[in-house]
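data_2.txt (compact mmCIF, C-alpha atoms and all ligand atoms)
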```txt
# COMPACT_ATOMS: atom_id res chain seq x y z
CA MET A 1293 110.03 123.75 170.92
CA ASN A 1294 107.50 126.18 172.41
CA ILE A 1295 106.32 126.07 176.03
CA ALA A 1296 103.50 127.95 177.79
CA LEU A 1297 103.48 128.35 181.57
CA PHE A 1298 100.23 128.88 183.47
CA GLY A 1299 99.43 129.51 187.10
CA PRO A 1300 98.21 132.34 189.33
CA PRO A 1301 100.31 135.45 189.78
CA GLY A 1302 103.16 134.58 192.15
CA SER A 1303 103.15 130.86 191.29
CA GLY A 1304 106.71 131.03 189.93
CA LYS A 1305 106.23 131.35 186.15
CA GLY A 1306 108.96 133.97 185.72
CA THR A 1307 111.37 132.03 187.94
CA GLN A 1308 110.87 128.78 186.04
CA ALA A 1309 110.86 130.60 182.69
CA GLU A 1310 114.36 131.86 183.34
CA LEU A 1311 115.64 128.33 184.04
CA LEU A 1312 113.85 126.80 181.06
CA CYS A 1313 115.00 129.50 178.64
CA ASP A 1314 118.55 129.00 179.81
CA ARG A 1315 118.31 125.22 179.35
CA PHE A 1316 116.57 125.21 175.94
CA LYS A 1317 117.73 128.60 174.57
CA LEU A 1318 114.14 129.78 174.22
CA VAL A 1319 113.01 133.38 173.88
CA HIS A 1320 111.34 134.42 177.15
CA LEU A 1321 108.10 136.13 176.17
CA SER A 1322 106.63 137.63 179.35
CA THR A 1323 103.77 139.99 178.56
CA GLY A 1324 104.06 141.44 182.09
CA ASP A 1325 107.75 142.29 181.47
CA ILE A 1326 106.99 143.77 178.03
CA LEU A 1327 104.21 145.96 179.44
CA ARG A 1328 106.36 147.08 182.40
CA ALA A 1329 109.14 148.03 179.96
CA GLU A 1330 106.66 150.16 177.97
CA ARG A 1331 105.54 151.82 181.20
CA ARG A 1332 109.14 152.54 182.21
CA LYS A 1333 109.87 154.16 178.84
CA CYS A 1334 106.74 156.31 179.28
CA THR A 1335 105.59 155.53 175.75
CA GLU A 1336 101.99 156.40 174.82
CA LEU A 1337 101.18 152.74 175.22
CA GLY A 1338 103.02 152.60 178.56
CA LYS A 1339 100.97 155.47 179.95
CA ARG A 1340 97.76 153.86 178.75
CA VAL A 1341 98.43 150.48 180.33
CA GLY A 1342 100.15 151.74 183.51
CA GLU A 1343 96.96 152.50 185.43
CA ILE A 1344 95.30 149.25 184.37
CA MET A 1345 98.28 147.21 185.58
CA LYS A 1346 98.55 149.08 188.85
CA GLU A 1347 94.95 148.17 189.63
CA GLY A 1348 95.54 144.52 188.75
CA ARG A 1349 93.16 144.43 185.77
CA LEU A 1350 94.02 142.84 182.43
CA VAL A 1351 95.23 145.02 179.58
CA PRO A 1352 92.93 144.82 176.47
CA ASP A 1353 93.50 141.71 174.35
CA GLU A 1354 94.16 143.70 171.17
CA ILE A 1355 97.11 145.58 172.70
CA VAL A 1356 98.74 142.49 174.21
CA GLY A 1357 98.01 140.41 171.09
CA GLU A 1358 99.91 142.82 168.84
CA LEU A 1359 102.93 142.93 171.16
CA VAL A 1360 103.00 139.14 171.28
CA GLN A 1361 102.63 138.74 167.52
CA LYS A 1362 105.64 140.98 166.90
CA ARG A 1363 107.85 139.06 169.33
CA VAL A 1364 106.77 135.62 168.16
CA GLN A 1365 107.53 136.61 164.59
CA GLU A 1366 111.00 137.85 165.62
CA ALA A 1367 111.74 134.61 167.49
CA MET A 1368 110.64 132.49 164.54
CA ASP A 1369 112.79 134.58 162.18
CA GLU A 1370 115.76 133.76 164.43
CA GLY A 1371 114.76 130.08 164.38
CA ARG A 1372 114.17 130.00 168.14
CA GLY A 1373 111.38 128.56 170.22
CA VAL A 1374 109.33 130.68 172.62
CA LEU A 1375 108.49 130.35 176.29
CA PHE A 1376 105.14 132.05 176.93
CA ASP A 1377 104.93 133.48 180.46
CA GLY A 1378 101.65 135.21 181.33
CA TYR A 1379 100.18 134.81 177.85
CA PRO A 1380 97.60 133.64 176.93
CA ARG A 1381 95.50 134.71 179.90
CA ASN A 1382 91.97 134.13 178.61
CA LEU A 1383 90.18 132.12 175.92
CA ARG A 1384 90.28 134.92 173.34
CA GLN A 1385 94.06 135.23 173.75
CA LEU A 1386 94.43 131.45 173.44
CA GLN A 1387 92.45 131.40 170.19
CA ARG A 1388 94.46 134.30 168.81
CA LEU A 1389 97.76 132.64 169.71
CA GLU A 1390 96.77 129.28 168.27
CA SER A 1391 95.74 130.93 164.98
CA LEU A 1392 99.03 132.83 164.82
CA LEU A 1393 101.10 129.72 165.48
CA THR A 1394 99.14 127.71 162.90
CA VAL A 1395 99.91 130.37 160.27
CA LEU A 1396 103.59 130.14 161.26
CA ASP A 1397 103.38 126.33 161.00
CA THR A 1398 104.22 125.77 164.63
CA GLN A 1399 102.43 125.11 167.92
CA ILE A 1400 102.84 124.96 171.69
CA ASP A 1401 104.38 121.63 172.61
CA HIS A 1402 104.02 121.83 176.38
CA PHE A 1403 101.29 123.58 178.35
CA VAL A 1404 102.42 123.53 181.99
CA SER A 1405 100.28 124.54 184.94
CA LEU A 1406 102.04 125.59 188.16
CA ASP A 1407 99.58 124.55 190.84
CA ILE A 1408 99.68 126.35 194.17
CA ALA A 1409 97.21 127.32 196.91
CA PRO A 1410 96.10 131.01 196.94
CA PRO A 1411 97.43 131.92 200.42
CA LYS A 1412 100.90 130.80 199.34
CA VAL A 1413 100.93 133.06 196.27
CA VAL A 1414 99.89 136.06 198.35
CA ASP A 1415 102.81 135.40 200.67
CA ARG A 1416 105.20 135.12 197.70
CA MET A 1417 103.94 138.30 196.00
CA VAL A 1418 104.14 140.42 199.14
CA SER A 1419 107.81 139.46 199.59
CA ARG A 1420 108.74 139.61 195.88
CA ARG A 1421 111.29 142.22 194.84
CA THR A 1422 112.15 142.98 191.23
CA CYS A 1423 115.21 144.61 189.67
CA ARG A 1424 114.41 147.96 188.07
CA SER A 1425 117.11 147.48 185.44
CA CYS A 1426 117.09 143.83 184.35
CA GLY A 1427 113.75 142.59 185.75
CA ARG A 1428 115.30 139.71 187.73
CA VAL A 1429 113.04 138.49 190.51
CA TYR A 1430 113.98 137.88 194.17
CA ASN A 1431 112.10 136.94 197.28
CA LEU A 1432 112.93 138.46 200.65
CA LYS A 1433 112.04 135.16 202.37
CA TRP A 1434 113.17 132.44 199.99
CA GLN A 1435 115.58 133.94 197.46
CA PRO A 1436 117.05 137.14 198.94
CA PRO A 1437 119.74 139.09 197.10
CA GLU A 1438 123.29 138.97 198.49
CA THR A 1439 123.15 142.69 199.35
CA ASP A 1440 119.91 144.27 200.55
CA GLY A 1441 118.10 146.15 197.79
CA VAL A 1442 120.73 145.42 195.12
CA CYS A 1443 120.42 143.03 192.17
CA ASP A 1444 123.09 140.25 192.21
CA ALA A 1445 123.07 140.09 188.42
CA CYS A 1446 123.42 143.74 187.37
CA GLY A 1447 123.70 145.89 190.51
CA GLY A 1448 120.34 147.52 189.76
CA GLU A 1449 117.91 148.75 192.40
CA LEU A 1450 115.33 146.30 193.72
CA TYR A 1451 111.77 147.57 194.12
CA GLN A 1452 108.35 146.29 195.08
CA ARG A 1453 105.92 146.19 192.16
CA ALA A 1454 102.92 148.49 192.69
CA ASP A 1455 100.63 145.56 191.92
CA ASP A 1456 102.32 143.40 194.58
CA ARG A 1457 100.44 145.30 197.28
CA SER A 1458 97.32 143.85 198.84
CA GLU A 1459 94.40 145.52 196.97
CA ALA A 1460 95.91 144.83 193.54
CA ILE A 1461 96.87 141.28 194.54
CA GLU A 1462 93.26 140.55 195.40
CA LYS A 1463 92.06 141.97 192.08
CA ARG A 1464 94.65 139.96 190.13
CA LEU A 1465 93.55 136.73 191.80
CA VAL A 1466 89.90 137.51 190.95
CA GLU A 1467 90.87 138.21 187.31
CA TYR A 1468 92.81 134.95 187.25
CA GLY A 1469 89.75 132.99 188.40
CA ARG A 1470 87.42 134.80 186.02
CA GLN A 1471 89.56 134.90 182.88
CA THR A 1472 92.42 132.41 183.08
CA GLU A 1473 90.81 129.43 184.80
CA PRO A 1474 88.27 128.92 181.94
CA LEU A 1475 91.17 128.83 179.50
CA MET A 1476 92.92 126.22 181.65
CA GLN A 1477 89.70 124.15 181.77
CA ASN A 1478 89.62 124.28 177.97
CA LEU A 1479 93.21 122.97 177.79
CA THR A 1480 92.45 120.27 180.37
CA GLN A 1481 89.41 119.09 178.39
CA ARG A 1482 91.59 118.86 175.30
CA GLY A 1483 94.09 116.77 177.29
CA LEU A 1484 96.85 119.35 176.83
CA LEU A 1485 97.48 120.81 180.29
CA GLN A 1486 100.19 119.17 182.42
CA LYS A 1487 100.27 119.99 186.12
CA VAL A 1488 103.20 120.33 188.47
CA CYS A 1489 103.17 121.13 192.18
CA ALA A 1490 104.55 124.67 192.44
CA GLU A 1491 104.66 124.68 196.24
CA GLU A 1492 108.01 122.86 196.24
CA PRO A 1493 111.40 124.63 196.18
CA VAL A 1494 112.47 126.18 192.85
CA GLU A 1495 114.83 123.33 191.83
CA GLU A 1496 112.19 120.71 192.61
CA VAL A 1497 109.56 122.48 190.48
CA PHE A 1498 112.09 122.73 187.66
CA SER A 1499 112.81 118.97 187.89
CA GLN A 1500 109.09 118.20 187.65
CA ILE A 1501 108.79 120.33 184.50
CA MET A 1502 111.89 118.74 182.96
CA GLU A 1503 110.45 115.31 183.68
CA LEU A 1504 107.18 116.01 181.91
CA ILE A 1505 108.99 117.51 178.92
CA ARG A 1506 111.14 114.36 178.71
CA ARG A 1507 108.07 112.14 179.04
CA ASN A 1508 105.97 113.94 176.43
CA GLY A 1509 108.45 114.65 173.68
CA ARG A 1510 107.08 117.04 171.04
CA ARG A 1511 103.40 117.18 170.17
CA GLN A 1512 102.66 116.07 166.62
CA ILE A 1513 101.28 118.88 164.47
CA SER A 1514 98.06 117.53 163.01
CA VAL A 1515 97.78 117.95 159.26
CA SER A 1516 94.24 118.71 158.14
P1 LIG B 1601 105.04 134.72 188.60
O1 LIG B 1601 105.92 135.02 187.41
O2 LIG B 1601 104.19 133.49 188.41
O3 LIG B 1601 104.24 135.90 189.06
P2 LIG B 1601 107.57 134.69 190.09
O4 LIG B 1601 108.46 133.75 189.35
O5 LIG B 1601 107.83 136.15 189.96
O6 LIG B 1601 106.00 134.35 189.81
O7 LIG B 1601 107.63 134.27 191.64
C1 LIG B 1601 106.90 134.98 192.63
C2 LIG B 1601 107.74 135.12 193.90
O8 LIG B 1601 107.92 133.83 194.49
C3 LIG B 1601 109.15 135.66 193.65
O9 LIG B 1601 109.51 136.46 194.76
C4 LIG B 1601 110.02 134.40 193.56
O10 LIG B 1601 111.34 134.68 194.00
C5 LIG B 1601 109.30 133.46 194.53
N1 LIG B 1601 109.34 132.04 194.11
C6 LIG B 1601 109.23 131.54 192.86
N2 LIG B 1601 109.25 130.19 192.88
C7 LIG B 1601 109.35 129.85 194.18
C8 LIG B 1601 109.41 128.59 194.89
N3 LIG B 1601 109.34 127.43 194.22
N4 LIG B 1601 109.52 128.62 196.23
C9 LIG B 1601 109.56 129.79 196.90
N5 LIG B 1601 109.52 131.00 196.32
C10 LIG B 1601 109.41 131.04 194.97
P1 LIG B 1602 102.50 139.58 185.33
O1 LIG B 1602 103.88 140.15 185.26
O2 LIG B 1602 102.30 138.39 184.44
O3 LIG B 1602 102.06 139.32 186.75
O4 LIG B 1602 101.51 140.71 184.75
C1 LIG B 1602 101.40 141.97 185.35
C2 LIG B 1602 100.22 142.72 184.76
O5 LIG B 1602 100.42 142.96 183.36
C3 LIG B 1602 98.87 142.00 184.83
O6 LIG B 1602 98.22 142.13 186.08
C4 LIG B 1602 98.10 142.69 183.69
O7 LIG B 1602 97.67 143.99 184.08
C5 LIG B 1602 99.20 142.87 182.64
N1 LIG B 1602 99.28 141.68 181.76
C6 LIG B 1602 100.30 140.80 181.66
N2 LIG B 1602 100.03 139.84 180.76
C7 LIG B 1602 98.80 140.11 180.27
C8 LIG B 1602 97.94 139.48 179.32
N3 LIG B 1602 98.31 138.34 178.68
N4 LIG B 1602 96.75 140.05 179.06
C9 LIG B 1602 96.36 141.18 179.67
N5 LIG B 1602 97.10 141.81 180.59
C10 LIG B 1602 98.32 141.30 180.90
```

Structure encoded using structure tokens:
Amino acid sequence: MNIALFGPPGSGKGTQAELLCDRFKLVHLSTGDILRAERRKCTELGKRVGEIMKEGRLVPDEIVGELVQKRVQEAMDEGRGVLFDGYPRNLRQLQRLESLLTVLDTQIDHFVSLDIAPPKVVDRMVSRRTCRSCGRVYNLKWQPPETDGVCDACGGELYQRADDRSEAIEKRLVEYGRQTEPLMQNLTQRGLLQKVCAEEPVEEVFSQIMELIRRNGRRQISVS
């Protein structure tokens, strides 16, 4: 089974991805996490994408597409499904992913949209803290760590992402409207996008997603 989560930055994709991957033993493919890891390692690629990410713009499709292709291939080789978090983010990325999955004789079974009003995501992003070591996400208001500034899971240092500050947040929301919403309209027109209300508490959002997965079963791959 493969799942793709959609929704504006701060809607809870990473949080729900963690729960879903745990439940279904999926590979968590977060393009944001992959790019941040490259930036941390100061690779050539990391340096190139660092500035773009800091400003809240999207990294070029070709770069992200190659990173995704490699990871999808690895997951398939291990016989595991993938949870896509933050990819695809525009129509070109969707087309590229669908072509790749067709070649691999698989598909996305559940396209889930986490619906939430913009002021709420701003509030969530401003109070988000992320572990420098393992990437686990906290929220100072709703999901604080047990000890201030320290990750419960690995003891790593918690930091505020550079793009979780106001100018970059604004830019990311504009990019979302410009690039990602048309892709979601495409999925809606094709009858593929399933919506959940992401304004509820974490466990409630998870239950809604589980319910629609149970209801839908797996999509049939059409043979042409
Ligand atoms: P995304 O991956 O979509 O950017 P995250 O999963 O990182 O979003 O969540 C953004 C912030 O909101 C984090 O600080 C997270 O702890 C918090 N959060 C996630 N889901 C909820 C929720 N249902 N209610 C309240 N806060 C949430
Ligand atoms: P995220 O962790 O999903 O909020 O992503 C953080 C940043 O990484 C984004 O603002 C982009 O700069 C970059 N990024 C993540 N995923 C993609 C993608 N699919 N396409 C282009 N850029 C991406």

Q. Residues within 7 Å of ligand LIG 1602 (chain B) (all atoms listed in the file), as a list in words?
A.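 Counting only what the definition allows, namely all atoms listed in the file, the set is Pro1301, Ser1322, Thr1323, Gly1324, Asp1325, Leu1327, Ile1344, Met1345, Gly1348, Arg1349, Leu1350, Val1351, Pro1352, Asp1353, Val1356, Asp1377, Gly1378, Tyr1379, Pro1380, Arg1381 and Arg1464 of chain A.
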
Q. What is the CA of His1320 (chain A) to CA of Phe1376 (chain A) distance in Å?
A.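 Value for the CA of His1320 (chain A)-CA of Phe1376 (chain A) distance: 6.6 Å.
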
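Closest approach to ligand LIG 1601 (chain B) among A:Asp1397, A:Asp1440, A:Glu1310, A:Glu1449 is made by A:Glu1310 (distances from all atoms listed in the file).
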
Q | Which residue of A:Arg1470, A:Arg1340, A:Arg1420, A:Arg1428 approaches Arg1453 (chain A) most closely, using only C-alpha atoms | A |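 Selected residue with least distance to Arg1453 (chain A): A:Arg1420.
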
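Of the residues listed (A:Leu1432, A:Arg1384, A:Val1319, A:Asn1294), A:Asn1294 shows the shortest atom-to-atom separation from Thr1398 (chain A); distances use all atoms listed in the file.
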
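As for CA of Gln1308 (chain A) and CA of Cys1426 (chain A), they are spaced 16.4 Å apart.
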
Q. Ligand LIG 1601 (chain B): which residues are within 7 Å, counting all atoms listed in the file, as a list in words?
A. Gly1299, Pro1300, Pro1301, Gly1302, Ser1303, Gly1304, Lys1305, Gly1306, Thr1307, Gln1308, Arg1416, Met1417, Ser1419, Arg1420, Arg1421, Val1429, Tyr1430, Asn1431, Trp1434, Gln1435, Ala1490, Glu1491, Glu1492, Pro1493, Val1494 and Val1497 of chain A

Q: Find the residue from A:Thr1335, A:Gln1365, A:Gln1500, A:Thr1422 that sits nearest to Ala1454 (chain A); use all atoms listed in the file when measuring.
A: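 Residue with the minimum atom-to-atom distance to Ala1454 (chain A): A:Thr1422.
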
Q) Do you know which residues are at most 9 Å from Ile1461 (chain A) counting all atoms listed in the file, after dropping those on the same chain fewer than 2 positions away, and could you put them as a list in words? A)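 The contact residues come out as Pro1301, Glu1347, Gly1348, Val1414, Met1417, Val1418, Asp1455, Asp1456, Arg1457, Ser1458, Glu1459, Lys1463, Arg1464, Leu1465 and Val1466 of chain A.
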
Q: Take CA of Leu1389 (chain A) and CA of Val1364 (chain A) and report the distance between them in Å, one decimal.
A: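 It comes out at 9.6 Å.
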
**Q.** Spatial neighbours of Leu1383 (chain A), max dist 12 Å, all atoms listed in the file, sep filter under 2 positions, as a list in words
**A.**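 Residues meeting the cut-off are Asp1353, Tyr1379, Pro1380, Arg1381, Gln1385, Leu1386, Gln1387, Arg1388, Leu1389, Glu1390, Tyr1468, Arg1470, Gln1471, Thr1472, Glu1473, Pro1474, Leu1475, Met1476, Gln1477, Asn1478 and Leu1479 of chain A.
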
Q | Best match for closeness to Ala1409 (chain A) among A:Val1374, A:Cys1489, A:Leu1318, A:Ile1295, counting all atoms listed in the file | A |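 Closest to Ala1409 (chain A), using all atoms listed in the file: A:Cys1489.
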
Q. From the list A:Leu1312, A:Ala1329, A:Lys1346, A:Glu1462, which residue is nearest Gly1427 (chain A) when using all atoms listed in the file?
A.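 Nearest to Gly1427 (chain A): A:Ala1329.
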
Q. Got a sec: who's within 10 Å of Gly1342 (chain A), counting only C-alpha atoms, leaving out chain neighbours fewer than 6 positions off, as a list in words?
A. Leu1327, Arg1328, Glu1330, Arg1331, Arg1332, Cys1334 and Val1351 of chain A

Add whatever atoms are absent from region 1371-1392 of chain A to reach N, CA and C atoms, and provide the output as a compact mmCIF listing (two decimals), keeping the file's coordinate frame.
```txt
# COMPACT_ATOMS: atom_id res chain seq x y z
N GLY A 1371 114.78 131.55 164.27
CA GLY A 1371 114.76 130.08 164.38
C GLY A 1371 114.75 129.60 165.81
N ARG A 1372 114.19 130.42 166.72
CA ARG A 1372 114.17 130.00 168.14
C ARG A 1372 112.75 129.72 168.62
N GLY A 1373 112.67 128.85 169.59
CA GLY A 1373 111.38 128.56 170.22
C GLY A 1373 111.05 129.64 171.23
N VAL A 1374 109.80 129.63 171.71
CA VAL A 1374 109.33 130.68 172.62
C VAL A 1374 108.81 130.06 173.91
N LEU A 1375 109.12 130.71 175.02
CA LEU A 1375 108.49 130.35 176.29
C LEU A 1375 107.48 131.44 176.63
N PHE A 1376 106.20 131.09 176.64
CA PHE A 1376 105.14 132.05 176.93
C PHE A 1376 104.91 132.09 178.44
N ASP A 1377 105.08 133.29 179.01
CA ASP A 1377 104.93 133.48 180.46
C ASP A 1377 103.90 134.59 180.67
N GLY A 1378 102.69 134.20 181.11
CA GLY A 1378 101.65 135.21 181.33
C GLY A 1378 100.82 135.48 180.10
N TYR A 1379 100.99 134.72 179.06
CA TYR A 1379 100.18 134.81 177.85
C TYR A 1379 100.05 133.42 177.26
N PRO A 1380 98.89 132.96 176.87
CA PRO A 1380 97.60 133.64 176.93
C PRO A 1380 97.00 133.62 178.33
N ARG A 1381 96.09 134.57 178.58
CA ARG A 1381 95.50 134.71 179.90
C ARG A 1381 93.98 134.57 179.87
N ASN A 1382 93.40 134.44 178.71
CA ASN A 1382 91.97 134.13 178.61
C ASN A 1382 91.72 133.39 177.29
N LEU A 1383 90.46 132.95 177.10
CA LEU A 1383 90.18 132.12 175.92
C LEU A 1383 90.41 132.85 174.60
N ARG A 1384 90.08 134.16 174.59
CA ARG A 1384 90.28 134.92 173.34
C ARG A 1384 91.77 134.97 172.98
N GLN A 1385 92.61 135.17 174.00
CA GLN A 1385 94.06 135.23 173.75
C GLN A 1385 94.57 133.86 173.29
N LEU A 1386 94.01 132.80 173.85
CA LEU A 1386 94.43 131.45 173.44
C LEU A 1386 94.10 131.23 171.97
N GLN A 1387 92.86 131.61 171.58
CA GLN A 1387 92.45 131.40 170.19
C GLN A 1387 93.34 132.20 169.25
N ARG A 1388 93.62 133.44 169.65
CA ARG A 1388 94.46 134.30 168.81
C ARG A 1388 95.86 133.70 168.65
N LEU A 1389 96.40 133.21 169.76
CA LEU A 1389 97.76 132.64 169.71
C LEU A 1389 97.78 131.37 168.86
N GLU A 1390 96.78 130.53 169.05
CA GLU A 1390 96.77 129.28 168.27
C GLU A 1390 96.65 129.57 166.78
N SER A 1391 95.85 130.58 166.41
CA SER A 1391 95.74 130.93 164.98
C SER A 1391 97.08 131.43 164.46
N LEU A 1392 97.73 132.28 165.25
CA LEU A 1392 99.03 132.83 164.82
C LEU A 1392 100.04 131.70 164.62
```
